[in-house]
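*Asks:* Before I ask anything, let me first share the structure, which is written out below as structure tokens.
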Amino acid sequence: MIPPTLKVNKRYIAFRIIAKQVFTEKQVLQAMRQSVLSFAGEDGYACSNFDVVYYDQENMVGVARATDSTLDTIILSLSLVDNIQGRRAGVLITGVSGTVKKAMRKLLKENIFKGDTTQ
Amino acid sequence: MKYYDILVDPKFEGVIERLGYSKLGVGIQVLDSNEIDMAYARDKLVFVKSSNSLEKNRRILKSPCDGIVDPVFPRLLALDYPAMTIAKDNDCSIILTLSNLEKYTGIQRANYLSRTRLLVKMATKKRLRVILTTGASSEFQLRTPIQLISFGKVLGMTDSQAKRAIGPAVEHIRRRVYDTANSES
């Protein structure tokens, strides 16, 4: 049992994957972990408590978790993801919240490239 | 506060509005560092890409351009303190693109980041305008305002400075084109 003063304050990051094909949760998690590890290092990754909490494969949206003190580093690490499993992809961060429920409301499920052949 | 993404491919203008950006409403002209003697369009914002020569960059800053794009390389900071003074006198902005950071990996990226942090520090000291943008040329490089603000904060800006870099700073340089258009009419 951790005392309240030592409790880690978490932030939930709503994201969307831009890609020409569908990726599974495992593939997305692996790519994001690799990016955070290479940008923030092992110590930075450990301090951030990074993980993907929710992922919808059909719409390719999800919610990731980080601590509030390392939030900017994690957001930039996710922004630097340029490929998943060797195929071109990008990560859009659509919102940040203190709870999972509110972060889910910020998910961008609509196709922003309407009329385009990208997605 | 309205946010703008200035250096993005024109075909994504409709898409970036859905990501949270406002319409810029002004044309952009991006020149190479070898083209600074060309005629500048006065009804557009003119930006010049940085070269890796300090002397050339000083010439760019003395020319009537609105900004210099990415004056940082992994092995070189292409602007020094006197060049910042020239930029301040000529009201020239410094544009930093996120797509340039994505080009590098590993130790090159670390070097690039450290030099960019130094550039931002010097620019803040000189009260120079720094503008952040995605520089997206493909749909995979599009980013939301939250990501650009985080980019600014990782470079050493405060929260308000990073928000200003994608909002009021762009509105300030856009005003020159509007004032020119109004004075001519």
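In the structure tokens, chains take the letters A, B, ... in the order shown, each chain's residues start at 1, and ligands count up from 1 in the order shown.
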Once you count only C-alpha atoms, which residues of chain B turn out to be within 8 Å of chain A? Could you give them as a PyMOL selection string?
*Replies:* chain B and resi 15+18-19+102+106+139-144+146-147+150-151+153-154
*Asks:* Write the residues of the preceding selection, restricted to N, CA and C atoms, as a compact mmCIF listing (two decimals), in the first residue's frame.
*Replies:*
# COMPACT_ATOMS: atom_id res chain seq x y z
N VAL B 15 -7.30 19.22 -44.06
CA VAL B 15 -7.10 18.19 -43.03
C VAL B 15 -6.63 18.82 -41.72
N ARG B 18 -9.12 20.05 -39.22
CA ARG B 18 -9.77 19.03 -38.39
C ARG B 18 -8.88 18.59 -37.24
N LEU B 19 -7.60 18.90 -37.34
CA LEU B 19 -6.67 18.53 -36.25
C LEU B 19 -6.59 19.60 -35.17
N GLU B 102 12.70 14.22 -37.15
CA GLU B 102 12.40 12.83 -37.49
C GLU B 102 13.43 12.25 -38.46
N GLY B 106 19.33 8.18 -33.31
CA GLY B 106 20.49 7.87 -32.47
C GLY B 106 21.27 9.09 -32.04
N GLU B 139 1.13 12.66 -45.38
CA GLU B 139 0.09 12.57 -44.34
C GLU B 139 0.63 11.95 -43.05
N PHE B 140 1.71 11.17 -43.15
CA PHE B 140 2.26 10.51 -41.97
C PHE B 140 3.03 11.48 -41.07
N GLN B 141 3.30 12.69 -41.57
CA GLN B 141 4.05 13.66 -40.78
C GLN B 141 3.15 14.71 -40.13
N LEU B 142 1.84 14.60 -40.33
CA LEU B 142 0.93 15.55 -39.70
C LEU B 142 0.92 15.33 -38.20
N ARG B 143 0.85 16.44 -37.44
CA ARG B 143 0.84 16.36 -35.99
C ARG B 143 -0.17 17.38 -35.44
N THR B 144 -0.66 17.13 -34.25
CA THR B 144 -1.65 18.02 -33.63
C THR B 144 -0.93 19.13 -32.85
N ILE B 146 -1.01 19.80 -29.75
CA ILE B 146 -0.46 19.27 -28.48
C ILE B 146 0.96 18.76 -28.71
N GLN B 147 1.17 18.11 -29.83
CA GLN B 147 2.50 17.53 -30.11
C GLN B 147 3.52 18.63 -30.38
N SER B 150 4.47 20.19 -27.04
CA SER B 150 5.41 19.31 -26.31
C SER B 150 6.80 19.41 -26.91
N PHE B 151 6.88 19.52 -28.23
CA PHE B 151 8.17 19.70 -28.92
C PHE B 151 8.86 20.95 -28.40
N LYS B 153 8.37 22.45 -25.52
CA LYS B 153 8.74 22.31 -24.11
C LYS B 153 9.98 21.43 -23.95
N VAL B 154 10.11 20.43 -24.78
CA VAL B 154 11.32 19.59 -24.71
C VAL B 154 12.55 20.39 -25.15
*Asks:* Taking the DSSP secondary structure from the backbone, can you list the residues of chain A that are helix (DSSP H, G or I), as an NGL selection string?
*Replies:* :A and (4-6 or 25-48 or 71-79 or 100-105)
*Asks:* Contacts of A:Ser69 at 9 Å or less, counting only C-alpha atoms, minus same-chain residues fewer than 5 places along, as a ChimeraX atom specification?
*Replies:* /A:9-10,47-48
*Asks:* Between A:Val8, A:Val36, A:Met104, A:Ala66, which has the minimum distance to A:Asn49 (counting only C-alpha atoms)?
*Replies:*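 Between A:Val8, A:Val36, A:Met104, A:Ala66, the residue approaching A:Asn49 most closely is A:Ala66.
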*Asks:* Could you list, as a PyMOL selection string, every residue within 12 Å of B:Thr124, counting only C-alpha atoms and ignoring same-chain residues fewer than 2 positions away?
*Replies:* chain B and resi 81+84+88+93-94+117-122+126-131+155-158+161-162+165
*Asks:* Got a sec: who's within 9 Å of A:Ala31, counting only C-alpha atoms, leaving out chain neighbours fewer than 3 positions off, as a VMD selection string?
*Replies:* chain A and resid 26 to 28 34 to 36 81 83 to 85
*Asks:* How many Å lie between atom CA of B:Asn90 and atom CA of B:Lys62, rounded to one decimal?
*Replies:*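 One can read the atom CA of B:Asn90 to atom CA of B:Lys62 distance as 6.6 Å.
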*Asks:* So that I can check the secondary structure, give me every residue of chain B assigned strand (DSSP E or B) by backbone DSSP, as a list in words.
*Replies:*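 Secondary structure check on chain B, strand (DSSP E or B): Gly27, Ile28, Gln29, Val30, Leu31, Lys44, Leu45, Val46, Phe47, Val48, Lys49, Gly67, Ile68, Val69, Val72, Phe73, Leu76, Leu77, Ser93, Ile94, Ile95, Leu96, Thr97, Val130, Ile131, Leu132 and Thr133 of chain B.
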*Asks:* Could you take the residues named above and write them with N, CA and C atoms, as an mmCIF file, in the first residue's frame?
*Replies:*
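Saved file part-v6.cif follows:
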data_model
loop_
_atom_site.group_PDB
_atom_site.id
_atom_site.type_symbol
_atom_site.label_atom_id
_atom_site.label_comp_id
_atom_site.auth_asym_id
_atom_site.auth_seq_id
_atom_site.Cartn_x
_atom_site.Cartn_y
_atom_site.Cartn_z
ATOM 1 N N GLY B 27 -0.583 33.230 -48.394
ATOM 2 C CA GLY B 27 0.282 32.324 -49.146
ATOM 3 C C GLY B 27 1.684 32.275 -48.556
ATOM 4 N N ILE B 28 2.375 31.181 -48.822
ATOM 5 C CA ILE B 28 3.729 30.988 -48.294
ATOM 6 C C ILE B 28 4.663 30.739 -49.467
ATOM 7 N N GLN B 29 5.826 31.342 -49.429
ATOM 8 C CA GLN B 29 6.854 31.078 -50.447
ATOM 9 C C GLN B 29 8.105 30.599 -49.710
ATOM 10 N N VAL B 30 8.578 29.406 -50.044
ATOM 11 C CA VAL B 30 9.776 28.858 -49.397
ATOM 12 C C VAL B 30 10.895 28.824 -50.434
ATOM 13 N N LEU B 31 11.990 29.503 -50.134
ATOM 14 C CA LEU B 31 13.110 29.571 -51.072
ATOM 15 C C LEU B 31 14.291 28.768 -50.545
ATOM 16 N N LYS B 44 3.000 37.419 -49.970
ATOM 17 C CA LYS B 44 3.105 36.105 -49.327
ATOM 18 C C LYS B 44 4.156 36.191 -48.221
ATOM 19 N N LEU B 45 4.079 35.234 -47.319
ATOM 20 C CA LEU B 45 5.132 35.099 -46.325
ATOM 21 C C LEU B 45 6.317 34.375 -46.969
ATOM 22 N N VAL B 46 7.502 34.934 -46.847
ATOM 23 C CA VAL B 46 8.677 34.369 -47.513
ATOM 24 C C VAL B 46 9.609 33.772 -46.465
ATOM 25 N N PHE B 47 9.891 32.487 -46.609
ATOM 26 C CA PHE B 47 10.833 31.819 -45.722
ATOM 27 C C PHE B 47 11.971 31.260 -46.563
ATOM 28 N N VAL B 48 13.159 31.251 -45.978
ATOM 29 C CA VAL B 48 14.322 30.754 -46.695
ATOM 30 C C VAL B 48 14.920 29.602 -45.907
ATOM 31 N N LYS B 49 15.244 28.517 -46.587
ATOM 32 C CA LYS B 49 15.852 27.364 -45.901
ATOM 33 C C LYS B 49 17.287 27.718 -45.543
ATOM 34 N N GLY B 67 11.483 34.687 -42.404
ATOM 35 C CA GLY B 67 12.013 33.703 -41.462
ATOM 36 C C GLY B 67 13.046 32.805 -42.105
ATOM 37 N N ILE B 68 13.855 32.192 -41.268
ATOM 38 C CA ILE B 68 14.852 31.221 -41.728
ATOM 39 C C ILE B 68 14.457 29.863 -41.160
ATOM 40 N N VAL B 69 14.501 28.842 -42.013
ATOM 41 C CA VAL B 69 13.960 27.530 -41.641
ATOM 42 C C VAL B 69 15.086 26.585 -41.221
ATOM 43 N N VAL B 72 19.750 24.557 -37.908
ATOM 44 C CA VAL B 72 20.475 23.644 -37.023
ATOM 45 C C VAL B 72 20.785 22.366 -37.790
ATOM 46 N N PHE B 73 21.998 21.836 -37.595
ATOM 47 C CA PHE B 73 22.390 20.550 -38.160
ATOM 48 C C PHE B 73 23.058 19.756 -37.042
ATOM 49 N N LEU B 76 26.489 21.094 -36.520
ATOM 50 C CA LEU B 76 26.725 22.523 -36.700
ATOM 51 C C LEU B 76 25.513 23.318 -36.257
ATOM 52 N N LEU B 77 25.778 24.405 -35.526
ATOM 53 C CA LEU B 77 24.724 25.377 -35.269
ATOM 54 C C LEU B 77 24.983 26.532 -36.216
ATOM 55 N N SER B 93 12.203 35.753 -38.277
ATOM 56 C CA SER B 93 11.865 34.708 -37.300
ATOM 57 C C SER B 93 12.712 33.465 -37.547
ATOM 58 N N ILE B 94 12.740 32.592 -36.549
ATOM 59 C CA ILE B 94 13.423 31.305 -36.700
ATOM 60 C C ILE B 94 12.343 30.226 -36.699
ATOM 61 N N ILE B 95 12.330 29.418 -37.742
ATOM 62 C CA ILE B 95 11.314 28.374 -37.888
ATOM 63 C C ILE B 95 11.964 27.027 -37.586
ATOM 64 N N LEU B 96 11.356 26.266 -36.699
ATOM 65 C CA LEU B 96 11.868 24.918 -36.379
ATOM 66 C C LEU B 96 10.807 23.897 -36.757
ATOM 67 N N THR B 97 11.198 22.877 -37.551
ATOM 68 C CA THR B 97 10.230 21.881 -38.005
ATOM 69 C C THR B 97 10.444 20.557 -37.293
ATOM 70 N N VAL B 130 10.498 32.655 -32.317
ATOM 71 C CA VAL B 130 10.704 31.270 -32.746
ATOM 72 C C VAL B 130 9.343 30.692 -33.075
ATOM 73 N N ILE B 131 9.245 30.062 -34.234
ATOM 74 C CA ILE B 131 7.965 29.479 -34.663
ATOM 75 C C ILE B 131 8.160 27.982 -34.840
ATOM 76 N N LEU B 132 7.233 27.215 -34.317
ATOM 77 C CA LEU B 132 7.291 25.754 -34.443
ATOM 78 C C LEU B 132 6.281 25.307 -35.485
ATOM 79 N N THR B 133 6.655 24.306 -36.271
ATOM 80 C CA THR B 133 5.753 23.789 -37.282
ATOM 81 C C THR B 133 6.075 22.325 -37.546
#
*Asks:* For A:Tyr54, please output as an MDAnalysis selection string all residues within 8 Å (counting only C-alpha atoms; exclusion window: fewer than 6 positions along the same chain).
*Replies:* chainID A and resid 62:64
*Asks:* Save out the residues we just selected, N, CA and C atoms, as a compact mmCIF listing (two decimals), in the first residue's frame.
*Replies:*
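result.txt, freshly written:
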# COMPACT_ATOMS: atom_id res chain seq x y z
N GLY A 62 -6.41 4.68 -29.59
CA GLY A 62 -6.10 4.06 -28.30
C GLY A 62 -5.79 5.09 -27.25
N VAL A 63 -5.53 4.58 -26.05
CA VAL A 63 -5.18 5.44 -24.92
C VAL A 63 -3.90 4.89 -24.30
N ALA A 64 -2.92 5.77 -24.14
CA ALA A 64 -1.67 5.39 -23.49
C ALA A 64 -1.57 6.08 -22.15
